[in-house]
Amino acid sequence: MTISRGKLAFLAFLALALVAPFFLYPVFLVKVLCFALFACAFNLLVGYVGLLSFGHAMFFGGASYFCGHMLKVWGWPPELAIPAAALAAGAMGLVVGALAIRRQGIYFAMVTLALAQMFYFFALQAPFTGGEDGIQAIPRTPILGVIDTRDDTVLYYVVLAIFTAGFLLVYRTIHSPFGQVLKAIRENEPRAISLGYAVDRYKLLAFTLSAALAGLAGATKALAFQLASLTDVAWQMSGEVVLMTLVGGMGTVFGPVVGAAVIVTMQNYLAGFGEWVLVTQGVIFVVVVLLFRRGIVGEAMAFAARRASSEKARGRESRDDDPERVAPGRAGATSADGAKGG
Amino acid sequence: MLELIGVSPQMLFGQLMLGLINGAFYAVLSLGLAVIFGLLNVINFTHGAQYMMGAFVAYILLVVFGVPYWGALVLAPVIVGAVGIVIERTMLRRLYHLDHLYGLLLTFGLALIIEGLFRSQYGVSGQPYPNPLPGGTNLGFMFLPTYRGWVVVASLVVCFGTWLVIERTKLGSYLRAATERPDLVQAFGVNVPLMITLTYGFGVALAGFAGVLAAPIYQVSPLMGANLIIVVFAVVVIGGMGSILGAIVTGYALGIVEGLTRVFWPEASSTVIFVVMAIVLLVKPAGLFGTAK
């Protein structure tokens, strides 16, 4: 009985996460975890189905508005508001996904971006979102009446629990038969169709799940930072989650977490430099796309795999986390070709 | 008659004119995207930033070098196009063998860089650009500012000029052939990589041209491209990128639809194009002028 490398890595991560608030500022860690969950949700779609959504901010920010409204105006407790907001984001995902999966490749990205922009304008004008001000001073009410979320350290552990639940759900999904079909669609959609899989249903379900998880992250963020604003639904936010996942490694289990940590840290350090955050993000995008397409975790795994194969000359492939297969890759290429040709 | 539906003709025609102006920008920008996509298979996310660059280059030419509007109208697209050629040669070129999504991500990153640089230099407030054609004509039912008339005429000329070149000339036939089978065209002795570079440069120059046209109407601001480009993406999804003429017609039509919406239901004017996109996706997923794959 050996414990797999992935599980070992997860246990190590959990151990680190449990002691982290004694060394680092809890609020910063909360931010990292919220974005890490958001990036994991996004990665489920881009890394394992090969669908690049450029509109995930609408689920993240949408749920953050819903949660803020439920907590502040309706006075719901967080244990009710957060799941309800995530479900609402999932429902949005069902509608948006049904529209978006009608196109593939590049068009899919443009459709999701456009629909997210539509939601942005909706959020700008709808009465309950507070327009330019957003929903401010969202109360951090106790969970189940006993867990006091006003304490930053307590809050951190709550968010860690939510993140772990979301992360394990993603992990379970990609290692399930359902996840195998998703990967088959990513690799070769026409073949998956010819094998009799109802590809559109799989895509829609994955999209909905991803939207709901992005919503879970957004709702948690609304509680933790007591704010839901237009920033969360703007296209820049969609771009940020793409960047986090790309930097960490698309289609790797831990990549989005690493990427979120890197980008949030960078934003913290550069916060005083105003517009240079934008420029830096752009430069990272360009450098990663040109030089490190596998991302940090992907490159590390490729390095480890190369060393293992040269040492033992047996080249055991790291199963489904093989970074070579991971990039939105061939599935995306064929679908984009298909969308263009004809 | 128009008074019956509670809208004054001045307002209706005024908004229609505004819609036509917006449509002119949608058309020129989506045309550029379509030309680039046809040959490169890249959705140029930098297009909005390059449109903004066009306006800024015109502004800088005027303020720093004293070059008037008409000089900028020629120079700015050339400069912006040249920058585009550098981008294609040094970066985009490396991604052609990969998934097209990487081209999208690269150009997205470039858009962030360009926007960030201009924002750090000029802030987010707009810079005014003097109107080169003040005054206007009273057409009886509405007042037509001369410059706005010029924008519509200029965009129509550029759009149909491009269409003519691509559909009716020998150069255009090479281009269309290379869109279908670049390897075969290359085998016939046509320098396809050069053609790709120049096509990207031309598409980008179109964005720069639109930027110069926009400078006297809208304020010259680093933010002017980012939001526009998302609307243009929706226009492209609606029209389908298969046809040049489709991109042009859809651009103008949606500008007018937006203008009409502003008359009858102003709150919806910012979202109407996205709603049209959703409907088109339901009814004709390949887009109005796209071919089913």
# chains A, B, ... in the order shown; residues from 1 in each chain; ligands from 1
call {"tool": "residues_around", "arguments": {"residues": "stretch 123-136 of chain B", "least_positions_apart": "3", "cutoff": "6 Å", "atoms": "only C-alpha atoms", "output": "compact mmCIF listing (two decimals) with N, CA and C atoms, in the first residue's frame"}}
result
# COMPACT_ATOMS: atom_id res chain seq x y z
N ARG B 119 -1.95 54.17 -19.05
CA ARG B 119 -2.60 54.66 -17.83
C ARG B 119 -1.59 55.28 -16.89
N SER B 120 -0.41 54.65 -16.78
CA SER B 120 0.58 55.21 -15.85
C SER B 120 1.10 56.54 -16.38
N LEU B 144 -26.71 67.79 -38.75
CA LEU B 144 -25.62 66.84 -38.98
C LEU B 144 -24.28 67.53 -38.79
N PRO B 145 -23.57 67.20 -37.68
CA PRO B 145 -22.23 67.76 -37.52
C PRO B 145 -21.33 67.21 -38.63
N THR B 146 -20.54 68.10 -39.24
CA THR B 146 -19.75 67.71 -40.41
C THR B 146 -18.82 66.54 -40.09
N TYR B 147 -18.16 66.62 -38.87
CA TYR B 147 -17.18 65.59 -38.58
C TYR B 147 -17.80 64.21 -38.49
N PRO B 216 -11.45 62.82 -32.07
CA PRO B 216 -12.19 64.06 -31.87
C PRO B 216 -13.60 63.85 -31.31
N GLN B 219 -13.25 61.35 -25.88
CA GLN B 219 -12.00 61.81 -25.30
C GLN B 219 -10.94 60.73 -25.51
N VAL B 220 -9.70 61.17 -25.69
CA VAL B 220 -8.62 60.22 -25.86
C VAL B 220 -8.23 59.70 -24.48
N SER B 221 -8.61 58.45 -24.19
CA SER B 221 -8.37 57.92 -22.85
C SER B 221 -7.85 56.49 -22.93
call {"tool": "select_by_dssp", "arguments": {"residues": "stretch 17-181 of chain B", "states": "alpha helix (DSSP H)", "output": "PyMOL selection string"}}
result
chain B and resi 17-40+47-63+69-90+100-122+146-168+170-180
call {"tool": "closest_atom_pairs", "arguments": {"of": "chain B", "to": "chain A", "cutoff": "7 Å", "atoms": "only C-alpha atoms", "output": "tab-separated table"}}
result
residue	atom	partner	partner_atom	distance
B:Asp99	CA	A:Ala333	CA	4.8
B:His100	CA	A:Ala333	CA	6.5
B:Leu101	CA	A:Ile106	CA	6.3
B:Tyr102	CA	A:Val289	CA	6.5
B:Leu106	CA	A:Val286	CA	5.3
B:Gly109	CA	A:Gly282	CA	4.0
B:Leu110	CA	A:Gly282	CA	5.8
B:Leu112	CA	A:Gly282	CA	4.9
B:Ile113	CA	A:Val279	CA	4.3
B:Gly116	CA	A:Val279	CA	5.0
B:Leu117	CA	A:Val279	CA	6.6
B:Arg119	CA	A:Glu275	CA	6.3
B:Ser120	CA	A:Glu275	CA	5.4
B:Ile230	CA	A:Ala114	CA	6.0
B:Val231	CA	A:Ala114	CA	6.9
B:Phe233	CA	A:Met110	CA	6.0
B:Ala234	CA	A:Ala114	CA	5.8
B:Val237	CA	A:Tyr107	CA	6.8
B:Ser270	CA	A:Phe121	CA	6.9
B:Thr271	CA	A:Met118	CA	5.5
B:Phe274	CA	A:Met118	CA	6.1
B:Ala278	CA	A:Leu99	CA	6.8
B:Leu281	CA	A:Leu99	CA	6.5
B:Leu282	CA	A:Leu99	CA	6.9
B:Pro285	CA	A:Arg102	CA	6.1
B:Thr291	CA	A:Gly342	CA	6.6
B:Ala292	CA	A:Gly342	CA	6.8
B:Lys293	CA	A:Gly342	CA	4.8
call {"tool": "write_last_selection", "arguments": {"atoms": "C-alpha atoms", "output": "compact mmCIF listing (two decimals), in the first residue's frame"}}
result
# COMPACT_ATOMS: atom_id res chain seq x y z
CA ASP B 99 -3.54 25.85 -29.77
CA HIS B 100 -5.14 29.11 -30.93
CA LEU B 101 -6.09 29.86 -27.34
CA TYR B 102 -2.47 30.72 -26.62
CA LEU B 106 -0.71 36.37 -25.47
CA GLY B 109 -1.36 40.05 -21.93
CA LEU B 110 -0.14 42.57 -24.50
CA LEU B 112 -2.83 44.72 -20.39
CA ILE B 113 0.73 45.97 -20.90
CA GLY B 116 -1.18 49.86 -18.17
CA LEU B 117 1.63 51.87 -19.77
CA ARG B 119 -2.60 54.66 -17.83
CA SER B 120 0.58 55.21 -15.85
CA ILE B 230 -15.69 43.23 -25.78
CA VAL B 231 -18.67 44.66 -27.66
CA PHE B 233 -16.21 40.46 -29.88
CA ALA B 234 -19.97 40.11 -29.47
CA VAL B 237 -19.80 36.24 -32.69
CA SER B 270 -25.40 48.92 -23.03
CA THR B 271 -26.59 45.31 -23.00
CA PHE B 274 -25.09 40.98 -25.85
CA ALA B 278 -27.49 35.29 -27.01
CA LEU B 281 -26.44 31.71 -30.52
CA LEU B 282 -29.77 30.04 -29.84
CA PRO B 285 -25.00 29.15 -33.52
CA THR B 291 -20.99 28.78 -42.31
CA ALA B 292 -22.01 25.76 -40.29
CA LYS B 293 -19.00 23.60 -39.71
call {"tool": "residues_around", "arguments": {"residues": "B:Leu16", "least_positions_apart": "5", "cutoff": "12 Å", "atoms": "only C-alpha atoms", "output": "list in words"}}
result
Pro9, Gln10, Met11, Ile21, Asn22, Gly23, Met142, Leu144, Arg148, Tyr252, Ala253, Leu254, Gly255, Ile256, Val257, Glu258, Gly259, Leu260, Thr261, Arg262, Val263 and Phe264 of chain B
call {"tool": "closest_residue", "arguments": {"among": "A:Met250, A:Ala234, A:Tyr269, A:Phe42", "to": "B:Asn227", "atoms": "only C-alpha atoms"}}
result
A:Ala234
